[in-house]
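Dumped entry-v2.cif below, it's mmCIF, C-alpha atoms and all ligand atoms:
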```
data_work
#
loop_
_atom_site.label_atom_id
_atom_site.label_comp_id
_atom_site.auth_asym_id
_atom_site.auth_seq_id
_atom_site.Cartn_x
_atom_site.Cartn_y
_atom_site.Cartn_z
CA MET A 10 -63.10 88.12 6.12
CA GLN A 11 -65.73 86.61 3.80
CA ALA A 12 -65.01 83.04 2.67
CA VAL A 13 -63.93 82.97 -1.00
CA LEU A 14 -66.77 80.63 -2.10
CA SER A 15 -69.46 82.08 0.10
CA GLY A 16 -72.79 82.15 -1.80
CA LYS A 17 -71.53 79.62 -4.37
CA THR A 18 -72.81 76.08 -4.92
CA ALA A 19 -70.67 73.15 -6.07
CA LEU A 20 -71.74 69.72 -7.31
CA ILE A 21 -69.03 67.12 -6.67
CA THR A 22 -69.62 63.70 -8.21
CA GLY A 23 -68.52 60.64 -6.26
CA SER A 24 -67.96 62.68 -3.12
CA ALA A 25 -69.00 60.30 -0.33
CA ARG A 26 -65.43 59.18 0.32
CA ARG A 27 -61.73 59.39 -0.54
CA ILE A 28 -60.64 62.31 -2.80
CA GLY A 29 -64.20 63.44 -3.60
CA ALA A 30 -64.99 63.83 0.10
CA ALA A 31 -61.78 65.84 0.64
CA ILE A 32 -62.77 68.14 -2.25
CA ALA A 33 -66.25 68.58 -0.79
CA ARG A 34 -64.81 69.40 2.64
CA ARG A 35 -62.35 71.93 1.20
CA LEU A 36 -64.92 73.74 -0.97
CA HIS A 37 -67.35 73.74 1.96
CA GLY A 38 -64.60 75.09 4.21
CA ALA A 39 -64.16 77.92 1.70
CA GLY A 40 -67.84 78.81 2.13
CA ALA A 41 -69.55 76.84 -0.66
CA THR A 42 -72.81 74.98 -0.41
CA VAL A 43 -72.02 71.47 -1.59
CA ILE A 44 -74.16 68.94 -3.41
CA LEU A 45 -72.71 65.54 -2.66
CA HIS A 46 -73.34 63.02 -5.39
CA TYR A 47 -72.89 59.32 -4.59
CA HIS A 48 -73.90 55.94 -5.95
CA ARG A 49 -73.21 53.03 -3.56
CA SER A 50 -71.67 54.84 -0.58
CA GLN A 51 -74.91 56.06 0.99
CA GLU A 52 -73.78 55.68 4.60
CA GLU A 53 -70.55 57.66 4.08
CA ALA A 54 -72.41 60.33 2.07
CA GLU A 55 -75.02 60.78 4.81
CA LYS A 56 -72.33 60.98 7.47
CA LEU A 57 -70.40 63.63 5.53
CA ALA A 58 -73.54 65.69 4.84
CA LYS A 59 -74.50 65.53 8.52
CA ASP A 60 -71.06 66.68 9.59
CA LEU A 61 -71.03 69.61 7.12
CA ASN A 62 -74.59 70.63 8.02
CA GLN A 63 -73.61 70.69 11.69
CA GLN A 64 -70.87 73.16 10.79
CA ARG A 65 -73.30 75.30 8.72
CA PRO A 66 -77.01 74.44 8.52
CA LYS A 67 -78.41 73.67 5.04
CA SER A 68 -74.98 73.77 3.41
CA ALA A 69 -74.75 70.15 2.19
CA PHE A 70 -77.26 68.18 0.13
CA LEU A 71 -77.28 64.65 -1.24
CA VAL A 72 -78.02 63.29 -4.67
CA ALA A 73 -77.82 59.55 -5.45
CA PHE A 74 -77.35 58.51 -9.06
CA ASP A 75 -75.79 55.73 -11.11
CA LEU A 76 -73.58 57.37 -13.76
CA MET A 77 -73.95 54.26 -15.93
CA GLN A 78 -77.40 55.55 -16.90
CA SER A 79 -77.42 56.80 -20.45
CA ASP A 80 -79.24 60.08 -19.79
CA LEU A 81 -78.02 62.24 -16.94
CA SER A 82 -80.66 64.97 -17.21
CA SER A 83 -82.54 63.62 -14.20
CA LEU A 84 -79.35 63.92 -12.13
CA MET A 85 -79.08 67.60 -13.08
CA GLN A 86 -82.80 68.07 -12.34
CA ALA A 87 -82.28 66.55 -8.87
CA VAL A 88 -79.33 68.90 -8.28
CA LEU A 89 -81.29 71.99 -9.33
CA ALA A 90 -84.35 70.87 -7.31
CA HIS A 91 -82.37 71.82 -4.19
CA ASP A 92 -82.89 75.42 -5.34
CA LYS A 93 -79.32 76.45 -4.58
CA GLY A 94 -78.33 77.11 -8.21
CA LEU A 95 -74.97 75.85 -9.45
CA ASP A 96 -71.66 77.70 -9.81
CA MET A 97 -69.28 74.82 -10.08
CA LEU A 98 -69.20 71.22 -11.29
CA VAL A 99 -66.44 68.86 -10.16
CA ASN A 100 -66.36 65.65 -12.21
CA ASN A 101 -64.60 63.40 -9.71
CA ALA A 102 -66.45 60.05 -9.90
CA SER A 103 -64.45 57.37 -11.64
CA VAL A 104 -63.75 53.67 -12.02
CA PHE A 105 -60.24 52.20 -12.06
CA TYR A 106 -59.36 48.61 -12.85
CA PRO A 107 -56.95 46.71 -15.10
CA THR A 108 -58.14 45.31 -18.41
CA TYR A 109 -54.73 43.93 -19.47
CA LEU A 110 -54.92 43.15 -23.18
CA GLU A 111 -58.28 41.37 -22.95
CA TRP A 112 -60.01 40.97 -26.26
CA ASN A 113 -63.61 40.63 -25.05
CA ALA A 114 -63.55 43.70 -22.85
CA GLN A 115 -66.56 45.56 -24.28
CA ALA A 116 -68.48 45.72 -21.00
CA LYS A 117 -65.46 47.01 -19.08
CA ALA A 118 -64.59 49.44 -21.88
CA GLN A 119 -68.14 50.78 -21.89
CA ALA A 120 -68.16 51.30 -18.13
CA LEU A 121 -64.75 53.02 -18.15
CA MET A 122 -65.70 55.30 -21.03
CA GLN A 123 -69.20 56.03 -19.70
CA ILE A 124 -68.24 56.87 -16.11
CA ASN A 125 -64.81 58.43 -16.69
CA ALA A 126 -65.48 60.39 -19.87
CA PHE A 127 -69.04 60.44 -21.21
CA ALA A 128 -70.82 61.19 -17.91
CA PRO A 129 -68.55 64.24 -17.31
CA TYR A 130 -69.31 65.34 -20.88
CA GLN A 131 -73.08 65.09 -20.46
CA LEU A 132 -72.98 66.74 -17.05
CA SER A 133 -70.87 69.59 -18.42
CA LEU A 134 -73.35 70.18 -21.24
CA LEU A 135 -76.28 70.02 -18.84
CA ALA A 136 -74.58 72.39 -16.39
CA ARG A 137 -73.52 74.94 -19.00
CA PRO A 138 -76.78 76.97 -19.15
CA VAL A 139 -76.80 77.25 -15.36
CA LEU A 140 -73.09 78.05 -15.10
CA GLU A 141 -73.04 80.70 -17.84
CA PRO A 142 -74.99 83.46 -16.10
CA CYS A 143 -72.81 83.16 -12.97
CA GLN A 144 -69.46 82.82 -14.83
CA GLY A 145 -69.14 79.37 -13.30
CA ASN A 146 -66.54 76.70 -13.83
CA ILE A 147 -65.97 72.98 -14.31
CA ILE A 148 -63.10 70.94 -12.91
CA ASN A 149 -62.39 67.42 -14.10
CA LEU A 150 -60.30 64.87 -12.23
CA VAL A 151 -58.05 63.29 -14.84
CA ASP A 152 -54.85 61.35 -14.11
CA ILE A 153 -51.17 61.62 -15.00
CA HIS A 154 -51.83 58.34 -16.84
CA ALA A 155 -53.91 60.28 -19.36
CA THR A 156 -50.55 61.13 -20.93
CA GLN A 157 -48.19 58.50 -19.42
CA PRO A 158 -49.70 55.08 -20.16
CA LEU A 159 -50.11 52.70 -17.22
CA ARG A 160 -49.26 49.08 -18.00
CA ASP A 161 -52.33 46.74 -17.78
CA TYR A 162 -54.65 49.77 -17.69
CA CYS A 163 -54.86 50.55 -21.41
CA LEU A 164 -58.62 51.20 -21.43
CA TYR A 165 -58.54 53.21 -18.19
CA SER A 166 -55.69 55.34 -19.60
CA GLN A 167 -57.73 55.88 -22.77
CA SER A 168 -60.77 56.99 -20.75
CA LYS A 169 -58.71 59.55 -18.84
CA ALA A 170 -57.04 60.73 -22.08
CA ALA A 171 -60.56 61.33 -23.40
CA LEU A 172 -61.44 63.34 -20.31
CA ARG A 173 -58.22 65.32 -20.62
CA GLN A 174 -58.99 66.20 -24.24
CA GLN A 175 -62.62 66.95 -23.31
CA THR A 176 -61.32 69.47 -20.77
CA LEU A 177 -59.36 71.30 -23.47
CA SER A 178 -62.19 71.12 -26.03
CA LEU A 179 -64.88 72.36 -23.65
CA ALA A 180 -62.61 75.12 -22.33
CA LYS A 181 -62.61 76.44 -25.89
CA GLU A 182 -66.31 75.76 -26.55
CA PHE A 183 -67.59 77.21 -23.26
CA ALA A 184 -65.43 80.36 -23.22
CA PRO A 185 -65.83 83.17 -22.39
CA HIS A 186 -68.53 82.48 -19.79
CA VAL A 187 -67.55 79.11 -18.28
CA ARG A 188 -64.00 78.05 -17.43
CA VAL A 189 -63.04 74.38 -17.73
CA ASN A 190 -59.89 72.98 -16.09
CA ALA A 191 -58.59 69.70 -14.70
CA VAL A 192 -56.41 68.34 -11.95
CA ALA A 193 -54.19 65.37 -12.86
CA PRO A 194 -53.38 63.48 -9.65
CA GLY A 195 -50.39 61.18 -9.37
CA ALA A 196 -50.41 58.52 -6.64
CA ILE A 197 -52.64 59.88 -3.88
CA LEU A 198 -54.64 57.05 -2.27
CA TRP A 199 -53.78 53.41 -2.89
CA PRO A 200 -56.23 51.74 -5.28
CA GLU A 201 -58.79 49.30 -3.88
CA LYS A 202 -60.27 45.89 -4.78
CA GLU A 203 -58.90 44.31 -7.96
CA ALA A 204 -56.53 47.25 -8.51
CA ALA A 205 -54.99 46.90 -5.00
CA LEU A 206 -51.17 46.65 -4.82
CA ASN A 207 -48.98 44.47 -2.58
CA GLU A 208 -46.20 46.01 -0.46
CA ALA A 209 -43.46 45.39 -3.05
CA GLN A 210 -45.55 47.03 -5.78
CA LYS A 211 -46.26 50.01 -3.53
CA GLN A 212 -42.55 50.48 -2.79
CA ALA A 213 -41.66 50.20 -6.48
CA LEU A 214 -44.19 52.91 -7.28
CA LEU A 215 -42.92 55.20 -4.50
CA ASN A 216 -39.39 54.82 -5.91
CA HIS A 217 -40.62 56.51 -9.11
CA ILE A 218 -41.89 59.61 -7.32
CA PRO A 219 -39.25 62.32 -6.90
CA LEU A 220 -40.90 63.49 -3.66
CA GLN A 221 -40.75 59.83 -2.47
CA ARG A 222 -44.23 59.66 -0.97
CA LEU A 223 -47.91 59.57 -1.77
CA GLY A 224 -49.81 62.80 -2.06
CA ARG A 225 -52.78 63.52 0.23
CA ALA A 226 -56.39 63.87 -0.82
CA GLU A 227 -56.14 67.38 0.64
CA ASP A 228 -53.42 68.26 -1.91
CA ILE A 229 -55.91 67.51 -4.69
CA ALA A 230 -58.66 69.46 -2.92
CA GLU A 231 -56.34 72.48 -2.63
CA ALA A 232 -55.63 72.34 -6.39
CA VAL A 233 -59.38 72.18 -7.10
CA LEU A 234 -59.94 75.22 -4.90
CA TYR A 235 -57.19 77.09 -6.73
CA LEU A 236 -58.72 76.37 -10.16
CA ALA A 237 -62.19 77.24 -8.86
CA THR A 238 -61.01 80.69 -7.82
CA ALA A 239 -58.60 81.58 -10.65
CA PRO A 240 -60.67 83.84 -12.95
CA TYR A 241 -58.11 84.02 -15.79
CA VAL A 242 -57.31 80.29 -15.93
CA THR A 243 -59.05 77.99 -18.39
CA GLY A 244 -57.99 74.93 -20.40
CA VAL A 245 -55.32 73.99 -17.87
CA ILE A 246 -54.43 70.47 -16.74
CA LEU A 247 -52.70 70.84 -13.39
CA PRO A 248 -50.57 67.84 -12.32
CA VAL A 249 -50.39 67.21 -8.57
CA ASP A 250 -48.04 64.24 -8.54
CA GLY A 251 -44.93 64.78 -6.43
CA GLY A 252 -42.93 65.22 -9.65
CA ARG A 253 -43.88 61.81 -11.06
CA LEU A 254 -44.24 63.16 -14.61
CA LEU A 255 -40.52 64.02 -14.49
CA GLN A 256 -39.69 60.30 -14.40
CA LYS A 257 -39.61 58.20 -17.52
N1 LIG B 301 -56.65 57.78 -5.88
C1 LIG B 301 -55.64 58.24 -6.60
O1 LIG B 301 -54.47 58.16 -6.17
C2 LIG B 301 -55.88 58.86 -7.95
C3 LIG B 301 -54.83 58.94 -8.86
C4 LIG B 301 -55.06 59.50 -10.11
C5 LIG B 301 -56.30 60.01 -10.43
N2 LIG B 301 -57.33 59.92 -9.52
C6 LIG B 301 -58.63 60.44 -9.90
O2 LIG B 301 -59.15 61.25 -8.85
C7 LIG B 301 -60.55 61.01 -8.70
C8 LIG B 301 -60.86 60.53 -7.29
O3 LIG B 301 -60.07 59.37 -7.01
P1 LIG B 301 -60.54 58.28 -5.94
O4 LIG B 301 -59.47 57.26 -5.88
O5 LIG B 301 -61.00 58.98 -4.70
O6 LIG B 301 -61.82 57.70 -6.73
P2 LIG B 301 -62.61 56.32 -6.46
O7 LIG B 301 -62.61 56.07 -5.00
O8 LIG B 301 -62.04 55.25 -7.34
O9 LIG B 301 -64.06 56.67 -7.02
C9 LIG B 301 -64.76 57.84 -6.61
C10 LIG B 301 -66.23 57.57 -6.61
O10 LIG B 301 -66.72 57.32 -7.94
C11 LIG B 301 -68.03 56.85 -7.76
N3 LIG B 301 -68.53 56.00 -8.83
C12 LIG B 301 -67.98 54.89 -9.37
N4 LIG B 301 -68.84 54.29 -10.22
C13 LIG B 301 -69.98 55.06 -10.23
C14 LIG B 301 -71.24 54.98 -10.89
N5 LIG B 301 -71.55 53.95 -11.69
N6 LIG B 301 -72.16 55.93 -10.64
C15 LIG B 301 -71.88 56.95 -9.80
N7 LIG B 301 -70.72 57.09 -9.13
C16 LIG B 301 -69.78 56.15 -9.35
C17 LIG B 301 -68.03 56.02 -6.47
O11 LIG B 301 -69.16 56.44 -5.70
P3 LIG B 301 -69.87 55.44 -4.61
O12 LIG B 301 -68.75 55.02 -3.69
O13 LIG B 301 -70.90 56.29 -3.97
O14 LIG B 301 -70.45 54.29 -5.39
C18 LIG B 301 -66.68 56.34 -5.84
O15 LIG B 301 -66.74 56.58 -4.45
C19 LIG B 301 -60.94 60.01 -9.77
O16 LIG B 301 -61.43 60.68 -10.91
C20 LIG B 301 -59.63 59.31 -10.08
O17 LIG B 301 -59.58 58.78 -11.39
C21 LIG B 301 -57.14 59.35 -8.29
#
```
For the structure just supplied, provide its representation as structure tokens.
Ligand SMILES: NC(=O)c1ccc[n+]([C@@H]2O[C@H](COP(=O)([O-])OP(=O)(O)OC[C@H]3O[C@@H](n4cnc5c(N)ncnc54)[C@H](OP(=O)(O)O)[C@@H]3O)[C@@H](O)[C@H]2O)c1
Amino acid sequence: MQAVLSGKTALITGSARRIGAAIARRLHGAGATVILHYHRSQEEAEKLAKDLNQQRPKSAFLVAFDLMQSDLSSLMQAVLAHDKGLDMLVNNASVFYPTYLEWNAQAKAQALMQINAFAPYQLSLLARPVLEPCQGNIINLVDIHATQPLRDYCLYSQSKAALRQQTLSLAKEFAPHVRVNAVAPGAILWPEKEAALNEAQKQALLNHIPLQRLGRAEDIAEAVLYLATAPYVTGVILPVDGGRLLQK
């Protein structure tokens, strides 16, 4: 049986590690050629590309780019220079840190808005002319906290709310040729660095999840694959959260 994404090419931003890497592996497993975008995680990106290319030669390519740059056209040029076309864009790259109620938070606000919302917007606009002829699609990684505010993360929640609304707006603007959807993960992988939680905080969070556990990166990847292959689905925000949105 032919793999469902055979002959298709997907760009996944921030795909060297964690959820992005799981998405890249799943789409590749479904037959896609994957373009792995990364910024700092060069070693992990090279390792992943090597592994995927061992499974299928010339099926994984790398593009390094800092999404803080104001013009992303050179990223799209680098993607298209691989001469594999583009059928699918997955806006996965993101930053996540608390900003509490800081007053002088312009730099953090700019980074959150640029990476989590404006970069996906520019990339979607840049990808549109390439996606249109092949009836391609875009999938954004939002967050259940786009609609349920997360204490201490006001600016992060705003950035994901912007990406959520962008998904709905572009689904309307890009129809009928390009579908635009999003996955809204709940708690999947514990946050790192300044957003890291202690054991008591982790347990308190798990107590708010009806399924009483974290999700797996593979659960998110499966949802992305579903949206990528659902020809009559556009403008949908699909929560994958163990029922967390049911809780107050
Ligand atoms: N983890 C969860 O439980 C969870 C929950 C809700 C929503 N989500 C969403 O799901 C997606 C994946 O989550 P995750 O936890 O796997 O993400 P993550 O590890 O926080 O970030 C993914 C990647 O974003 C890239 N990135 C950050 N700043 C960048 C910049 N300036 N330029 C280019 N790339 C940049 C990084 O690439 P490099 O490492 O190469 O620098 C990083 O590996 C995100 O959109 C996140 O908001 C995740």
Requested in this report: For ligand LIG 301 (chain B), collect every residue having any atom at a distance of at most 7 Å from a ligand atom (counting all atoms listed in the file); output as an MDAnalysis selection string.
Outcome: chainID A and resid 22:29 47:51 74:77 101:105 124 150:153 193:200
Write a file of the selected residues as a JSON list (two decimals), in the frame of the given file, keeping C-alpha atoms.
```json
[["chain", "number", "residue", "atom", "x", "y", "z"],
["A", 22, "THR", "CA", -69.62, 63.70, -8.21],
["A", 23, "GLY", "CA", -68.52, 60.64, -6.26],
["A", 24, "SER", "CA", -67.96, 62.68, -3.12],
["A", 25, "ALA", "CA", -69.00, 60.30, -0.33],
["A", 26, "ARG", "CA", -65.43, 59.18, 0.32],
["A", 27, "ARG", "CA", -61.73, 59.39, -0.54],
["A", 28, "ILE", "CA", -60.64, 62.31, -2.80],
["A", 29, "GLY", "CA", -64.20, 63.44, -3.60],
["A", 47, "TYR", "CA", -72.89, 59.32, -4.59],
["A", 48, "HIS", "CA", -73.90, 55.94, -5.95],
["A", 49, "ARG", "CA", -73.21, 53.03, -3.56],
["A", 50, "SER", "CA", -71.67, 54.84, -0.58],
["A", 51, "GLN", "CA", -74.91, 56.06, 0.99],
["A", 74, "PHE", "CA", -77.35, 58.51, -9.06],
["A", 75, "ASP", "CA", -75.79, 55.73, -11.11],
["A", 76, "LEU", "CA", -73.58, 57.37, -13.76],
["A", 77, "MET", "CA", -73.95, 54.26, -15.93],
["A", 101, "ASN", "CA", -64.60, 63.40, -9.71],
["A", 102, "ALA", "CA", -66.45, 60.05, -9.90],
["A", 103, "SER", "CA", -64.45, 57.37, -11.64],
["A", 104, "VAL", "CA", -63.75, 53.67, -12.02],
["A", 105, "PHE", "CA", -60.24, 52.20, -12.06],
["A", 124, "ILE", "CA", -68.24, 56.87, -16.11],
["A", 150, "LEU", "CA", -60.30, 64.87, -12.23],
["A", 151, "VAL", "CA", -58.05, 63.29, -14.84],
["A", 152, "ASP", "CA", -54.85, 61.35, -14.11],
["A", 153, "ILE", "CA", -51.17, 61.62, -15.00],
["A", 193, "ALA", "CA", -54.19, 65.37, -12.86],
["A", 194, "PRO", "CA", -53.38, 63.48, -9.65],
["A", 195, "GLY", "CA", -50.39, 61.18, -9.37],
["A", 196, "ALA", "CA", -50.41, 58.52, -6.64],
["A", 197, "ILE", "CA", -52.64, 59.88, -3.88],
["A", 198, "LEU", "CA", -54.64, 57.05, -2.27],
["A", 199, "TRP", "CA", -53.78, 53.41, -2.89],
["A", 200, "PRO", "CA", -56.23, 51.74, -5.28]]
```
Just give me the residues with any atom within 10 Å of (-66.8, 81.1, -4.9), file coordinates, counting all atoms listed in the file, written as a PDB file with C-alpha atoms, keeping the file's coordinate frame.
```pdb
ATOM      1  CA  ALA A  12     -65.010  83.040   2.670  1.00  0.00           C
ATOM      2  CA  VAL A  13     -63.930  82.970  -1.000  1.00  0.00           C
ATOM      3  CA  LEU A  14     -66.770  80.630  -2.100  1.00  0.00           C
ATOM      4  CA  SER A  15     -69.460  82.080   0.100  1.00  0.00           C
ATOM      5  CA  GLY A  16     -72.790  82.150  -1.800  1.00  0.00           C
ATOM      6  CA  LYS A  17     -71.530  79.620  -4.370  1.00  0.00           C
ATOM      7  CA  THR A  18     -72.810  76.080  -4.920  1.00  0.00           C
ATOM      8  CA  ALA A  19     -70.670  73.150  -6.070  1.00  0.00           C
ATOM      9  CA  LEU A  36     -64.920  73.740  -0.970  1.00  0.00           C
ATOM     10  CA  ALA A  39     -64.160  77.920   1.700  1.00  0.00           C
ATOM     11  CA  GLY A  40     -67.840  78.810   2.130  1.00  0.00           C
ATOM     12  CA  ALA A  41     -69.550  76.840  -0.660  1.00  0.00           C
ATOM     13  CA  THR A  42     -72.810  74.980  -0.410  1.00  0.00           C
ATOM     14  CA  ASP A  96     -71.660  77.700  -9.810  1.00  0.00           C
ATOM     15  CA  MET A  97     -69.280  74.820 -10.080  1.00  0.00           C
ATOM     16  CA  GLY A 145     -69.140  79.370 -13.300  1.00  0.00           C
ATOM     17  CA  ASN A 146     -66.540  76.700 -13.830  1.00  0.00           C
ATOM     18  CA  LEU A 234     -59.940  75.220  -4.900  1.00  0.00           C
ATOM     19  CA  ALA A 237     -62.190  77.240  -8.860  1.00  0.00           C
ATOM     20  CA  THR A 238     -61.010  80.690  -7.820  1.00  0.00           C
TER      21      THR A 238
END
```
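Here atom CA of Ser82 of chain A is placed at a distance of 14.1 Å from atom CA of Leu20 of chain A.
Interatomic distance, atom CA of Leu71 of chain A against atom CA of Ala31 of chain A: 15.7 Å.
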Query raised in the report: Near Pro240 of chain A, within 12 Å and counting only C-alpha atoms, which residues show up once chain neighbours fewer than 3 positions away are dropped, as a ChimeraX atom specification?
Result: /A:144-146,184-190,234-237,243-244
Would you write out those residues with C-alpha atoms, as a compact mmCIF listing (two decimals), in the frame of the given file?
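Here's the written file again-v4.txt:
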```txt
# COMPACT_ATOMS: atom_id res chain seq x y z
CA GLN A 144 -69.46 82.82 -14.83
CA GLY A 145 -69.14 79.37 -13.30
CA ASN A 146 -66.54 76.70 -13.83
CA ALA A 184 -65.43 80.36 -23.22
CA PRO A 185 -65.83 83.17 -22.39
CA HIS A 186 -68.53 82.48 -19.79
CA VAL A 187 -67.55 79.11 -18.28
CA ARG A 188 -64.00 78.05 -17.43
CA VAL A 189 -63.04 74.38 -17.73
CA ASN A 190 -59.89 72.98 -16.09
CA LEU A 234 -59.94 75.22 -4.90
CA TYR A 235 -57.19 77.09 -6.73
CA LEU A 236 -58.72 76.37 -10.16
CA ALA A 237 -62.19 77.24 -8.86
CA THR A 243 -59.05 77.99 -18.39
CA GLY A 244 -57.99 74.93 -20.40
```
Report summary line: Nearest to Leu89 of chain A, restricted to all atoms listed in the file and choosing among A:Leu135, A:Leu255, A:Ala118, A:Ala58, comes out as A:Leu135
Query - Distance query Val88 of chain A at most 10 Å, all atoms listed in the file, self and fewer than 3 positions along chain excluded, as a PyMOL selection string - result: chain A and resi 19-20+44-46+70-73+82-85+91-95
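The gap separating atom CA of Ala33 of chain A from atom CA of Ser166 of chain A is 25.3 Å, in Å to one decimal.
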Requested in this report: Measuring atom to atom with all atoms listed in the file, identify which of A:Leu206, A:Ala213, A:Ala126, A:Leu134 is nearest to Tyr165 of chain A.
Outcome: A:Ala126
Query raised in the report: Please, which residues are within 10 Å of (-53.9, 63.4, -21.8) by the file's coordinates, counting all atoms listed in the file, and could they come as a VMD selection string?
Result: chain A and resid 151 to 158 166 to 177 193 246
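In this comparison, which uses all atoms listed in the file, the residue of A:Ala205, A:Ile148, A:Ala230, A:Val99 approaching Val245 of chain A most closely is A:Ile148.
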Query raised in the report: Can you tell me, as an MDAnalysis selection string, what residues are no more than 12 Å from Gln212 of chain A when counting only C-alpha atoms, ignoring any on the same chain fewer than 4 positions away?
Result: chainID A and resid 196 199 206:208 216:218 221:223
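Between Ala30 of chain A and the candidates A:Ala239, A:Ile229, A:Ser68, A:Leu247, the tightest atom-to-atom separation, counting all atoms listed in the file, involves A:Ile229.
Closest to Glu141 of chain A among A:Phe127, A:Ala69, A:Lys211, A:Phe183 is A:Phe183, based on all atoms listed in the file.
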